[in-house]
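A.B. asks: Just query.txt, nothing more (compact mmCIF, N, CA and C atoms):
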# COMPACT_ATOMS: atom_id res chain seq x y z
N MET A 1 -6.05 8.75 -17.49
CA MET A 1 -4.78 8.18 -17.83
C MET A 1 -4.69 6.82 -17.17
N ILE A 2 -4.30 5.81 -17.92
CA ILE A 2 -4.09 4.48 -17.38
C ILE A 2 -2.65 4.09 -17.67
N LEU A 3 -1.90 3.82 -16.60
CA LEU A 3 -0.52 3.35 -16.74
C LEU A 3 -0.45 1.95 -16.18
N HIS A 4 0.15 1.06 -16.90
CA HIS A 4 0.33 -0.31 -16.45
C HIS A 4 1.72 -0.45 -15.85
N SER A 5 1.87 -1.36 -14.90
CA SER A 5 3.14 -1.47 -14.18
C SER A 5 4.31 -1.82 -15.09
N HIS A 6 4.05 -2.41 -16.23
CA HIS A 6 5.15 -2.79 -17.13
C HIS A 6 5.55 -1.65 -18.07
N GLN A 7 4.80 -0.54 -18.07
CA GLN A 7 5.11 0.56 -18.96
C GLN A 7 6.15 1.48 -18.33
N MET A 8 7.02 2.01 -19.17
CA MET A 8 7.96 3.02 -18.70
C MET A 8 7.18 4.33 -18.56
N ILE A 9 7.42 5.02 -17.49
CA ILE A 9 6.77 6.31 -17.28
C ILE A 9 7.74 7.38 -17.76
N ASP A 10 7.28 8.18 -18.71
CA ASP A 10 8.12 9.25 -19.21
C ASP A 10 7.39 10.59 -19.03
N ASN A 11 8.04 11.67 -19.44
CA ASN A 11 7.45 12.99 -19.27
C ASN A 11 6.14 13.15 -20.02
N GLN A 12 6.04 12.53 -21.17
CA GLN A 12 4.81 12.63 -21.94
C GLN A 12 3.66 11.92 -21.23
N SER A 13 3.93 10.76 -20.60
CA SER A 13 2.89 10.04 -19.87
C SER A 13 2.34 10.85 -18.72
N LEU A 14 3.20 11.70 -18.15
CA LEU A 14 2.82 12.46 -16.97
C LEU A 14 2.53 13.92 -17.29
N SER A 15 2.23 14.22 -18.56
CA SER A 15 1.94 15.60 -18.90
C SER A 15 0.76 16.08 -18.06
N GLY A 16 0.90 17.24 -17.47
CA GLY A 16 -0.12 17.77 -16.58
C GLY A 16 0.13 17.42 -15.13
N PHE A 17 1.07 16.53 -14.85
CA PHE A 17 1.41 16.16 -13.49
C PHE A 17 2.85 16.60 -13.22
N THR A 18 3.05 17.86 -12.97
CA THR A 18 4.38 18.37 -12.71
C THR A 18 4.65 18.39 -11.22
N GLU A 19 5.87 18.66 -10.87
CA GLU A 19 6.28 18.64 -9.47
C GLU A 19 5.46 19.61 -8.63
N ASN A 20 5.10 20.75 -9.18
CA ASN A 20 4.35 21.77 -8.45
C ASN A 20 2.87 21.76 -8.78
N ALA A 21 2.40 20.73 -9.46
CA ALA A 21 1.00 20.68 -9.88
C ALA A 21 0.07 20.53 -8.68
N ASP A 22 -1.10 21.13 -8.80
CA ASP A 22 -2.13 20.98 -7.77
C ASP A 22 -2.90 19.70 -8.08
N LEU A 23 -2.66 18.67 -7.28
CA LEU A 23 -3.30 17.37 -7.50
C LEU A 23 -4.60 17.22 -6.73
N SER A 24 -4.99 18.24 -5.98
CA SER A 24 -6.16 18.11 -5.10
C SER A 24 -7.45 17.87 -5.87
N HIS A 25 -7.47 18.22 -7.14
CA HIS A 25 -8.68 17.99 -7.93
C HIS A 25 -8.57 16.77 -8.83
N LYS A 26 -7.49 16.03 -8.69
CA LYS A 26 -7.30 14.82 -9.48
C LYS A 26 -7.86 13.63 -8.69
N ARG A 27 -8.41 12.68 -9.43
CA ARG A 27 -8.99 11.51 -8.80
C ARG A 27 -8.24 10.26 -9.26
N ILE A 28 -7.79 9.47 -8.29
CA ILE A 28 -7.10 8.23 -8.59
C ILE A 28 -7.92 7.07 -8.05
N VAL A 29 -8.08 6.06 -8.87
CA VAL A 29 -8.79 4.85 -8.48
C VAL A 29 -7.78 3.71 -8.43
N PHE A 30 -7.74 3.04 -7.29
CA PHE A 30 -6.88 1.88 -7.10
C PHE A 30 -7.74 0.63 -7.26
N VAL A 31 -7.38 -0.23 -8.18
CA VAL A 31 -8.08 -1.50 -8.36
C VAL A 31 -7.17 -2.58 -7.82
N THR A 32 -7.65 -3.33 -6.83
CA THR A 32 -6.81 -4.30 -6.15
C THR A 32 -7.62 -5.53 -5.74
N THR A 33 -6.93 -6.64 -5.60
CA THR A 33 -7.59 -7.85 -5.09
C THR A 33 -7.29 -8.05 -3.61
N GLY A 34 -6.52 -7.17 -3.01
CA GLY A 34 -6.22 -7.27 -1.59
C GLY A 34 -6.36 -5.94 -0.91
N TYR A 35 -7.18 -5.89 0.14
CA TYR A 35 -7.37 -4.66 0.90
C TYR A 35 -7.95 -5.02 2.26
N PRO A 36 -7.63 -4.26 3.31
CA PRO A 36 -8.17 -4.59 4.63
C PRO A 36 -9.70 -4.59 4.65
N THR A 37 -10.26 -5.50 5.43
CA THR A 37 -11.70 -5.57 5.66
C THR A 37 -11.92 -5.68 7.16
N HIS A 38 -13.17 -5.57 7.58
CA HIS A 38 -13.46 -5.65 9.01
C HIS A 38 -13.12 -7.03 9.58
N ASP A 39 -13.30 -8.08 8.78
CA ASP A 39 -12.96 -9.41 9.28
C ASP A 39 -11.48 -9.76 9.07
N ARG A 40 -10.77 -8.99 8.24
CA ARG A 40 -9.33 -9.20 8.01
C ARG A 40 -8.62 -7.84 7.97
N PRO A 41 -8.52 -7.17 9.12
CA PRO A 41 -7.98 -5.81 9.14
C PRO A 41 -6.49 -5.69 8.80
N ASN A 42 -5.75 -6.78 8.86
CA ASN A 42 -4.32 -6.72 8.56
C ASN A 42 -3.98 -7.16 7.14
N GLN A 43 -4.99 -7.44 6.34
CA GLN A 43 -4.75 -7.88 4.97
C GLN A 43 -4.26 -6.71 4.12
N CYS A 44 -3.12 -6.88 3.48
CA CYS A 44 -2.56 -5.92 2.53
C CYS A 44 -2.50 -4.49 3.08
N VAL A 45 -2.04 -4.35 4.30
CA VAL A 45 -1.97 -3.02 4.92
C VAL A 45 -1.00 -2.11 4.18
N PHE A 46 0.00 -2.68 3.50
CA PHE A 46 0.96 -1.85 2.75
C PHE A 46 0.27 -1.13 1.60
N ILE A 47 -0.73 -1.78 0.99
CA ILE A 47 -1.49 -1.12 -0.08
C ILE A 47 -2.30 0.02 0.52
N HIS A 48 -2.94 -0.24 1.66
CA HIS A 48 -3.72 0.80 2.31
C HIS A 48 -2.84 1.99 2.71
N ARG A 49 -1.67 1.72 3.23
CA ARG A 49 -0.77 2.81 3.66
C ARG A 49 -0.37 3.69 2.47
N SER A 50 -0.12 3.09 1.33
CA SER A 50 0.22 3.86 0.13
C SER A 50 -0.94 4.76 -0.29
N ILE A 51 -2.13 4.18 -0.28
CA ILE A 51 -3.31 4.94 -0.67
C ILE A 51 -3.59 6.05 0.34
N LYS A 52 -3.45 5.75 1.60
CA LYS A 52 -3.67 6.73 2.67
C LYS A 52 -2.71 7.91 2.50
N ALA A 53 -1.45 7.63 2.17
CA ALA A 53 -0.48 8.70 1.96
C ALA A 53 -0.88 9.59 0.79
N LEU A 54 -1.39 9.00 -0.28
CA LEU A 54 -1.82 9.79 -1.44
C LEU A 54 -3.12 10.55 -1.18
N SER A 55 -3.91 10.09 -0.24
CA SER A 55 -5.22 10.71 0.00
C SER A 55 -5.10 12.15 0.51
N SER A 56 -3.93 12.51 1.05
CA SER A 56 -3.75 13.90 1.47
C SER A 56 -3.46 14.81 0.28
N LEU A 57 -3.12 14.23 -0.87
CA LEU A 57 -2.80 15.00 -2.06
C LEU A 57 -3.90 15.00 -3.11
N MET A 58 -4.66 13.92 -3.17
CA MET A 58 -5.68 13.79 -4.22
C MET A 58 -6.85 12.96 -3.73
N ASP A 59 -7.93 12.98 -4.50
CA ASP A 59 -9.14 12.22 -4.19
C ASP A 59 -8.88 10.76 -4.53
N THR A 60 -9.00 9.88 -3.53
CA THR A 60 -8.71 8.46 -3.75
C THR A 60 -9.97 7.62 -3.63
N GLN A 61 -10.02 6.55 -4.40
CA GLN A 61 -11.10 5.58 -4.37
C GLN A 61 -10.48 4.21 -4.56
N VAL A 62 -10.92 3.23 -3.78
CA VAL A 62 -10.42 1.87 -3.91
C VAL A 62 -11.53 0.99 -4.46
N VAL A 63 -11.21 0.21 -5.49
CA VAL A 63 -12.10 -0.84 -5.97
C VAL A 63 -11.43 -2.14 -5.58
N HIS A 64 -12.05 -2.83 -4.65
CA HIS A 64 -11.49 -4.07 -4.09
C HIS A 64 -12.24 -5.26 -4.70
N LEU A 65 -11.57 -6.01 -5.54
CA LEU A 65 -12.16 -7.20 -6.16
C LEU A 65 -11.80 -8.40 -5.31
N ARG A 66 -12.80 -9.17 -4.95
CA ARG A 66 -12.55 -10.35 -4.12
C ARG A 66 -13.50 -11.47 -4.50
N ALA A 67 -13.20 -12.66 -4.04
CA ALA A 67 -14.04 -13.82 -4.35
C ALA A 67 -15.35 -13.74 -3.57
N TRP A 68 -16.43 -14.15 -4.22
CA TRP A 68 -17.71 -14.21 -3.54
C TRP A 68 -17.74 -15.45 -2.66
N LEU A 69 -18.27 -15.27 -1.46
CA LEU A 69 -18.50 -16.37 -0.52
C LEU A 69 -19.94 -16.29 -0.06
N PRO A 70 -20.55 -17.41 0.33
CA PRO A 70 -21.93 -17.35 0.85
C PRO A 70 -22.02 -16.35 2.01
N GLY A 71 -23.00 -15.48 1.93
CA GLY A 71 -23.20 -14.47 2.96
C GLY A 71 -22.47 -13.17 2.68
N ARG A 72 -21.55 -13.16 1.74
CA ARG A 72 -20.81 -11.95 1.40
C ARG A 72 -21.58 -11.19 0.32
N PRO A 73 -21.82 -9.91 0.52
CA PRO A 73 -22.57 -9.15 -0.50
C PRO A 73 -21.77 -9.02 -1.79
N ILE A 74 -22.47 -8.97 -2.91
CA ILE A 74 -21.81 -8.78 -4.20
C ILE A 74 -21.17 -7.39 -4.25
N LEU A 75 -21.85 -6.39 -3.72
CA LEU A 75 -21.37 -5.01 -3.75
C LEU A 75 -21.46 -4.43 -2.34
N GLU A 76 -20.35 -3.90 -1.87
CA GLU A 76 -20.32 -3.31 -0.53
C GLU A 76 -19.54 -2.00 -0.60
N LYS A 77 -20.19 -0.90 -0.21
CA LYS A 77 -19.51 0.40 -0.14
C LYS A 77 -19.21 0.68 1.32
N ARG A 78 -17.98 1.10 1.60
CA ARG A 78 -17.58 1.34 2.98
C ARG A 78 -16.43 2.34 3.01
N LYS A 79 -16.10 2.77 4.20
CA LYS A 79 -14.91 3.59 4.43
C LYS A 79 -13.95 2.79 5.28
N TRP A 80 -12.68 2.85 4.94
CA TRP A 80 -11.66 2.20 5.75
C TRP A 80 -10.61 3.25 6.07
N ASP A 81 -10.56 3.65 7.32
CA ASP A 81 -9.60 4.65 7.77
C ASP A 81 -9.68 5.91 6.90
N GLY A 82 -10.89 6.33 6.58
CA GLY A 82 -11.10 7.55 5.81
C GLY A 82 -11.04 7.38 4.30
N ILE A 83 -10.77 6.18 3.82
CA ILE A 83 -10.67 5.91 2.37
C ILE A 83 -11.97 5.28 1.89
N ASN A 84 -12.51 5.80 0.79
CA ASN A 84 -13.71 5.21 0.20
C ASN A 84 -13.35 3.92 -0.52
N VAL A 85 -14.06 2.86 -0.16
CA VAL A 85 -13.79 1.53 -0.72
C VAL A 85 -15.09 0.95 -1.25
N ILE A 86 -15.04 0.41 -2.45
CA ILE A 86 -16.14 -0.38 -2.95
C ILE A 86 -15.59 -1.78 -3.17
N SER A 87 -16.17 -2.75 -2.48
CA SER A 87 -15.76 -4.14 -2.63
C SER A 87 -16.75 -4.83 -3.54
N ILE A 88 -16.24 -5.48 -4.57
CA ILE A 88 -17.06 -6.22 -5.51
C ILE A 88 -16.67 -7.69 -5.39
N SER A 89 -17.63 -8.52 -5.01
CA SER A 89 -17.38 -9.95 -4.85
C SER A 89 -17.73 -10.66 -6.16
N CYS A 90 -16.77 -11.40 -6.67
CA CYS A 90 -16.93 -12.09 -7.95
C CYS A 90 -16.98 -13.60 -7.73
N PRO A 91 -17.96 -14.28 -8.29
CA PRO A 91 -17.98 -15.74 -8.18
C PRO A 91 -16.73 -16.32 -8.86
N GLN A 92 -16.16 -17.34 -8.26
CA GLN A 92 -14.97 -17.98 -8.80
C GLN A 92 -15.13 -19.49 -8.72
N LEU A 93 -14.54 -20.19 -9.68
CA LEU A 93 -14.50 -21.64 -9.64
C LEU A 93 -13.17 -22.06 -9.03
N HIS A 94 -13.13 -23.26 -8.50
CA HIS A 94 -11.90 -23.74 -7.87
C HIS A 94 -10.76 -23.72 -8.86
N ARG A 95 -9.55 -23.62 -8.34
CA ARG A 95 -8.36 -23.59 -9.20
C ARG A 95 -8.29 -24.83 -10.07
N GLY A 96 -7.53 -24.71 -11.10
CA GLY A 96 -7.37 -25.82 -12.02
C GLY A 96 -7.60 -25.35 -13.43
N SER A 97 -8.35 -26.09 -14.17
CA SER A 97 -8.56 -25.76 -15.58
C SER A 97 -9.63 -24.69 -15.77
N TYR A 98 -10.08 -24.06 -14.69
CA TYR A 98 -11.15 -23.07 -14.78
C TYR A 98 -10.64 -21.63 -14.81
N LEU A 99 -9.34 -21.42 -14.86
CA LEU A 99 -8.80 -20.07 -14.75
C LEU A 99 -9.34 -19.15 -15.84
N HIS A 100 -9.53 -19.63 -17.05
CA HIS A 100 -10.07 -18.79 -18.12
C HIS A 100 -11.51 -18.37 -17.82
N ILE A 101 -12.28 -19.24 -17.19
CA ILE A 101 -13.66 -18.89 -16.80
C ILE A 101 -13.63 -17.87 -15.68
N ASN A 102 -12.70 -18.03 -14.74
CA ASN A 102 -12.57 -17.07 -13.65
C ASN A 102 -12.22 -15.68 -14.18
N ALA A 103 -11.39 -15.63 -15.22
CA ALA A 103 -11.04 -14.34 -15.82
C ALA A 103 -12.28 -13.67 -16.41
N VAL A 104 -13.13 -14.44 -17.05
CA VAL A 104 -14.38 -13.90 -17.61
C VAL A 104 -15.30 -13.42 -16.49
N LEU A 105 -15.41 -14.21 -15.40
CA LEU A 105 -16.25 -13.81 -14.28
C LEU A 105 -15.72 -12.54 -13.62
N LEU A 106 -14.41 -12.44 -13.48
CA LEU A 106 -13.81 -11.25 -12.90
C LEU A 106 -14.11 -10.04 -13.77
N HIS A 107 -14.01 -10.22 -15.07
CA HIS A 107 -14.33 -9.12 -15.98
C HIS A 107 -15.80 -8.71 -15.87
N LEU A 108 -16.68 -9.70 -15.90
CA LEU A 108 -18.12 -9.39 -15.86
C LEU A 108 -18.52 -8.67 -14.58
N PHE A 109 -18.07 -9.17 -13.45
CA PHE A 109 -18.46 -8.58 -12.18
C PHE A 109 -17.59 -7.37 -11.83
N GLY A 110 -16.28 -7.53 -11.96
CA GLY A 110 -15.36 -6.49 -11.52
C GLY A 110 -15.32 -5.28 -12.42
N VAL A 111 -15.01 -5.50 -13.68
CA VAL A 111 -14.86 -4.38 -14.60
C VAL A 111 -16.19 -3.67 -14.82
N VAL A 112 -17.24 -4.43 -15.02
CA VAL A 112 -18.55 -3.82 -15.22
C VAL A 112 -19.01 -3.11 -13.95
N GLY A 113 -18.78 -3.72 -12.80
CA GLY A 113 -19.19 -3.11 -11.54
C GLY A 113 -18.40 -1.87 -11.19
N ALA A 114 -17.17 -1.79 -11.64
CA ALA A 114 -16.31 -0.65 -11.32
C ALA A 114 -16.24 0.38 -12.43
N LYS A 115 -16.95 0.17 -13.53
CA LYS A 115 -16.85 1.03 -14.70
C LYS A 115 -17.07 2.50 -14.40
N SER A 116 -18.08 2.83 -13.64
CA SER A 116 -18.36 4.24 -13.37
C SER A 116 -17.23 4.89 -12.58
N TYR A 117 -16.59 4.14 -11.67
CA TYR A 117 -15.47 4.68 -10.90
C TYR A 117 -14.24 4.88 -11.78
N ILE A 118 -13.99 3.91 -12.64
CA ILE A 118 -12.84 3.99 -13.54
C ILE A 118 -13.02 5.11 -14.55
N ASP A 119 -14.23 5.24 -15.09
CA ASP A 119 -14.50 6.30 -16.07
C ASP A 119 -14.34 7.69 -15.47
N ALA A 120 -14.62 7.85 -14.19
CA ALA A 120 -14.54 9.16 -13.53
C ALA A 120 -13.13 9.49 -13.06
N ALA A 121 -12.19 8.56 -13.19
CA ALA A 121 -10.84 8.75 -12.66
C ALA A 121 -9.93 9.47 -13.64
N ASP A 122 -9.00 10.23 -13.08
CA ASP A 122 -7.92 10.81 -13.87
C ASP A 122 -6.79 9.80 -14.03
N ILE A 123 -6.60 8.97 -12.99
CA ILE A 123 -5.56 7.94 -12.98
C ILE A 123 -6.16 6.66 -12.46
N VAL A 124 -5.83 5.54 -13.07
CA VAL A 124 -6.23 4.21 -12.57
C VAL A 124 -4.95 3.45 -12.32
N HIS A 125 -4.85 2.91 -11.09
CA HIS A 125 -3.67 2.13 -10.72
C HIS A 125 -4.15 0.77 -10.23
N SER A 126 -3.54 -0.30 -10.72
CA SER A 126 -3.96 -1.63 -10.28
C SER A 126 -2.81 -2.33 -9.58
N THR A 127 -3.18 -3.15 -8.59
CA THR A 127 -2.22 -3.97 -7.89
C THR A 127 -2.80 -5.38 -7.78
N ASP A 128 -1.95 -6.38 -7.79
CA ASP A 128 -2.37 -7.77 -7.59
C ASP A 128 -3.31 -8.29 -8.65
N ILE A 129 -3.40 -7.67 -9.80
CA ILE A 129 -4.36 -8.14 -10.80
C ILE A 129 -3.62 -8.67 -12.00
Would it be possible to restate this file's structure as structure tokens?
C.D. replies:
Amino acid sequence: MILHSHQMIDNQSLSGFTENADLSHKRIVFVTTGYPTHDRPNQCVFIHRSIKALSSLMDTQVVHLRAWLPGRPILEKRKWDGINVISISCPQLHRGSYLHINAVLLHLFGVVGAKSYIDAADIVHSTDI
């Protein structure tokens, strides 16, 4: 199930997710451009706290899309406070008239790199994208 932030959530959208439902076997993937890292532990801690709270109810996975920098690996798998995180570094051009190219690069690296995680999810939630 993929719900976008602009969509109204109704009972039909949440069929199978009732108040008393066992969510422990459900998998949610969070796709975000901001998440704590070892060099920036305070970055987007509110996103991490939300995911951490849900991790006691369901299987959580974070796909962290970020800009590639020299020395930064394209793909990095790690745990952050017990949460599985895969960081995908995407090459980006400087701001300006290149935004359409950056969108293509983000798609090529991010979506393709995260495809197996997204395909295995029951729910995909995105922030900052």
A.B. asks: Adding 8 Å on each side of the box along x, y and z that holds all listed atoms of range 55-60 of chain A, could you give its centre and edge lengths in Å to one decimal, as lines of an AutoDock Vina configuration file?
C.D. replies:
center_x = -6.4
center_y = 11.3
center_z = -1.5
size_x = 23.2
size_y = 23.4
size_z = 22.0
A.B. asks: Find, counting only N, CA and C atoms, the residue in A:Thr32, A:Ser87, A:Ser56, A:Thr37 that gets nearest to His125 in chain A.
C.D. replies: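 Closest to His125 in chain A, using only N, CA and C atoms: A:Thr32.
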A.B. asks: Could you state the separation of atom N of Asn42 in chain A and atom C of Val124 in chain A in Å, given to one decimal place?
C.D. replies: 23.5 Å
A.B. asks: Would you list the residues near (-9.3, 9.9, -10.1), meaning any protein, DNA or RNA residue with an atom at most 5 Å from that point in file coordinates, counting all atoms listed in the file, as a count of residues only?
C.D. replies: 8
A.B. asks: Enter the distance from atom C of Arg40 in chain A to atom N of Gly71 in chain A, in Å, rounded to one decimal.
C.D. replies: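 Here the two named atoms are 17.4 Å from each other.
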A.B. asks: Just the number, please: distance in Å from CA of Ser116 in chain A to atom C of Asn84 in chain A, one decimal.
C.D. replies: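 A separation of 13.8 Å between them.
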A.B. asks: DSSP on the backbone: which residues in range 16-120 of chain A end up as strand (DSSP E or B)? Give the answer as a JSON list (two decimals) with N, CA and C atoms, keeping the file's coordinate frame.
C.D. replies:
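That gives us out-v4.json:
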[["chain", "number", "residue", "atom", "x", "y", "z"],
["A", 27, "ARG", "N", -8.41, 12.68, -9.43],
["A", 27, "ARG", "CA", -8.99, 11.51, -8.80],
["A", 27, "ARG", "C", -8.24, 10.26, -9.26],
["A", 28, "ILE", "N", -7.79, 9.47, -8.29],
["A", 28, "ILE", "CA", -7.10, 8.23, -8.59],
["A", 28, "ILE", "C", -7.92, 7.07, -8.05],
["A", 29, "VAL", "N", -8.08, 6.06, -8.87],
["A", 29, "VAL", "CA", -8.79, 4.85, -8.48],
["A", 29, "VAL", "C", -7.78, 3.71, -8.43],
["A", 30, "PHE", "N", -7.74, 3.04, -7.29],
["A", 30, "PHE", "CA", -6.88, 1.88, -7.10],
["A", 30, "PHE", "C", -7.74, 0.63, -7.26],
["A", 31, "VAL", "N", -7.38, -0.23, -8.18],
["A", 31, "VAL", "CA", -8.08, -1.50, -8.36],
["A", 31, "VAL", "C", -7.17, -2.58, -7.82],
["A", 32, "THR", "N", -7.65, -3.33, -6.83],
["A", 32, "THR", "CA", -6.81, -4.30, -6.15],
["A", 32, "THR", "C", -7.62, -5.53, -5.74],
["A", 59, "ASP", "N", -7.93, 12.98, -4.50],
["A", 59, "ASP", "CA", -9.14, 12.22, -4.19],
["A", 59, "ASP", "C", -8.88, 10.76, -4.53],
["A", 60, "THR", "N", -9.00, 9.88, -3.53],
["A", 60, "THR", "CA", -8.71, 8.46, -3.75],
["A", 60, "THR", "C", -9.97, 7.62, -3.63],
["A", 61, "GLN", "N", -10.02, 6.55, -4.40],
["A", 61, "GLN", "CA", -11.10, 5.58, -4.37],
["A", 61, "GLN", "C", -10.48, 4.21, -4.56],
["A", 62, "VAL", "N", -10.92, 3.23, -3.78],
["A", 62, "VAL", "CA", -10.42, 1.87, -3.91],
["A", 62, "VAL", "C", -11.53, 0.99, -4.46],
["A", 63, "VAL", "N", -11.21, 0.21, -5.49],
["A", 63, "VAL", "CA", -12.10, -0.84, -5.97],
["A", 63, "VAL", "C", -11.43, -2.14, -5.58],
["A", 64, "HIS", "N", -12.05, -2.83, -4.65],
["A", 64, "HIS", "CA", -11.49, -4.07, -4.09],
["A", 64, "HIS", "C", -12.24, -5.26, -4.70],
["A", 65, "LEU", "N", -11.57, -6.01, -5.54],
["A", 65, "LEU", "CA", -12.16, -7.20, -6.16],
["A", 65, "LEU", "C", -11.80, -8.40, -5.31],
["A", 66, "ARG", "N", -12.80, -9.17, -4.95],
["A", 66, "ARG", "CA", -12.55, -10.35, -4.12],
["A", 66, "ARG", "C", -13.50, -11.47, -4.50],
["A", 67, "ALA", "N", -13.20, -12.66, -4.04],
["A", 67, "ALA", "CA", -14.04, -13.82, -4.35],
["A", 67, "ALA", "C", -15.35, -13.74, -3.57],
["A", 75, "LEU", "N", -21.85, -6.39, -3.72],
["A", 75, "LEU", "CA", -21.37, -5.01, -3.75],
["A", 75, "LEU", "C", -21.46, -4.43, -2.34],
["A", 76, "GLU", "N", -20.35, -3.90, -1.87],
["A", 76, "GLU", "CA", -20.32, -3.31, -0.53],
["A", 76, "GLU", "C", -19.54, -2.00, -0.60],
["A", 77, "LYS", "N", -20.19, -0.90, -0.21],
["A", 77, "LYS", "CA", -19.51, 0.40, -0.14],
["A", 77, "LYS", "C", -19.21, 0.68, 1.32],
["A", 78, "ARG", "N", -17.98, 1.10, 1.60],
["A", 78, "ARG", "CA", -17.58, 1.34, 2.98],
["A", 78, "ARG", "C", -16.43, 2.34, 3.01],
["A", 79, "LYS", "N", -16.10, 2.77, 4.20],
["A", 79, "LYS", "CA", -14.91, 3.59, 4.43],
["A", 79, "LYS", "C", -13.95, 2.79, 5.28],
["A", 80, "TRP", "N", -12.68, 2.85, 4.94],
["A", 80, "TRP", "CA", -11.66, 2.20, 5.75],
["A", 80, "TRP", "C", -10.61, 3.25, 6.07],
["A", 83, "ILE", "N", -10.77, 6.18, 3.82],
["A", 83, "ILE", "CA", -10.67, 5.91, 2.37],
["A", 83, "ILE", "C", -11.97, 5.28, 1.89],
["A", 84, "ASN", "N", -12.51, 5.80, 0.79],
["A", 84, "ASN", "CA", -13.71, 5.21, 0.20],
["A", 84, "ASN", "C", -13.35, 3.92, -0.52],
["A", 85, "VAL", "N", -14.06, 2.86, -0.16],
["A", 85, "VAL", "CA", -13.79, 1.53, -0.72],
["A", 85, "VAL", "C", -15.09, 0.95, -1.25],
["A", 86, "ILE", "N", -15.04, 0.41, -2.45],
["A", 86, "ILE", "CA", -16.14, -0.38, -2.95],
["A", 86, "ILE", "C", -15.59, -1.78, -3.17],
["A", 87, "SER", "N", -16.17, -2.75, -2.48],
["A", 87, "SER", "CA", -15.76, -4.14, -2.63],
["A", 87, "SER", "C", -16.75, -4.83, -3.54],
["A", 88, "ILE", "N", -16.24, -5.48, -4.57],
["A", 88, "ILE", "CA", -17.06, -6.22, -5.51],
["A", 88, "ILE", "C", -16.67, -7.69, -5.39],
["A", 89, "SER", "N", -17.63, -8.52, -5.01],
["A", 89, "SER", "CA", -17.38, -9.95, -4.85],
["A", 89, "SER", "C", -17.73, -10.66, -6.16],
["A", 90, "CYS", "N", -16.77, -11.40, -6.67],
["A", 90, "CYS", "CA", -16.93, -12.09, -7.95],
["A", 90, "CYS", "C", -16.98, -13.60, -7.73]]
A.B. asks: Between A:Pro73, A:Pro91, A:Pro36, A:Gly82, which has the minimum distance to Leu105 in chain A (counting all atoms listed in the file)?
C.D. replies: A:Pro91
A.B. asks: My list of candidates is A:Leu57, A:Tyr35, A:Pro41, A:Ile86. Which is closest to Ile118 in chain A when distances are computed with only C-alpha atoms?
C.D. replies: A:Ile86
A.B. asks: Nearest to Leu65 in chain A: which of A:Cys44, A:Cys90, A:Val104, A:Ala53 is it, counting all atoms listed in the file?
C.D. replies: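 Between A:Cys44, A:Cys90, A:Val104, A:Ala53, the residue approaching Leu65 in chain A most closely is A:Cys90.
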A.B. asks: Measuring between all atoms listed in the file, which one of A:Ile83, A:Leu99, A:Gly113, A:Ile88 shows the shortest distance to Ala67 in chain A?
C.D. replies: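 Under the stated criterion, the closest residue is A:Ile88.
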A.B. asks: Find the spatial neighbours of Leu93 in chain A, counting only N, CA and C atoms, within a cut-off of 8 Å - ignore same-chain residues fewer than 5 positions away - and output them as a list in words.
C.D. replies: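 That gives Tyr98, Leu99, Ile101, Asn102 and Ala103 of chain A.
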A.B. asks: Let me see the file: selected residues, N, CA and C atoms, as a PDB file, keeping the file's coordinate frame.
C.D. replies:
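Once everything was written out, this is out-v1.pdb:
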ATOM      1  N   TYR A  98     -10.080 -24.060 -14.690  1.00  0.00           N
ATOM      2  CA  TYR A  98     -11.150 -23.070 -14.780  1.00  0.00           C
ATOM      3  C   TYR A  98     -10.640 -21.630 -14.810  1.00  0.00           C
ATOM      4  N   LEU A  99      -9.340 -21.420 -14.860  1.00  0.00           N
ATOM      5  CA  LEU A  99      -8.800 -20.070 -14.750  1.00  0.00           C
ATOM      6  C   LEU A  99      -9.340 -19.150 -15.840  1.00  0.00           C
ATOM      7  N   ILE A 101     -12.280 -19.240 -17.190  1.00  0.00           N
ATOM      8  CA  ILE A 101     -13.660 -18.890 -16.800  1.00  0.00           C
ATOM      9  C   ILE A 101     -13.630 -17.870 -15.680  1.00  0.00           C
ATOM     10  N   ASN A 102     -12.700 -18.030 -14.740  1.00  0.00           N
ATOM     11  CA  ASN A 102     -12.570 -17.070 -13.650  1.00  0.00           C
ATOM     12  C   ASN A 102     -12.220 -15.680 -14.180  1.00  0.00           C
ATOM     13  N   ALA A 103     -11.390 -15.630 -15.220  1.00  0.00           N
ATOM     14  CA  ALA A 103     -11.040 -14.340 -15.820  1.00  0.00           C
ATOM     15  C   ALA A 103     -12.280 -13.670 -16.410  1.00  0.00           C
TER      16      ALA A 103
END
A.B. asks: With distances taken over only C-alpha atoms, which of A:Gln61, A:Leu106, A:Arg72, A:Lys77 is nearest to Asp39 in chain A?
C.D. replies: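 Result for the nearest residue to Asp39 in chain A: A:Arg72.
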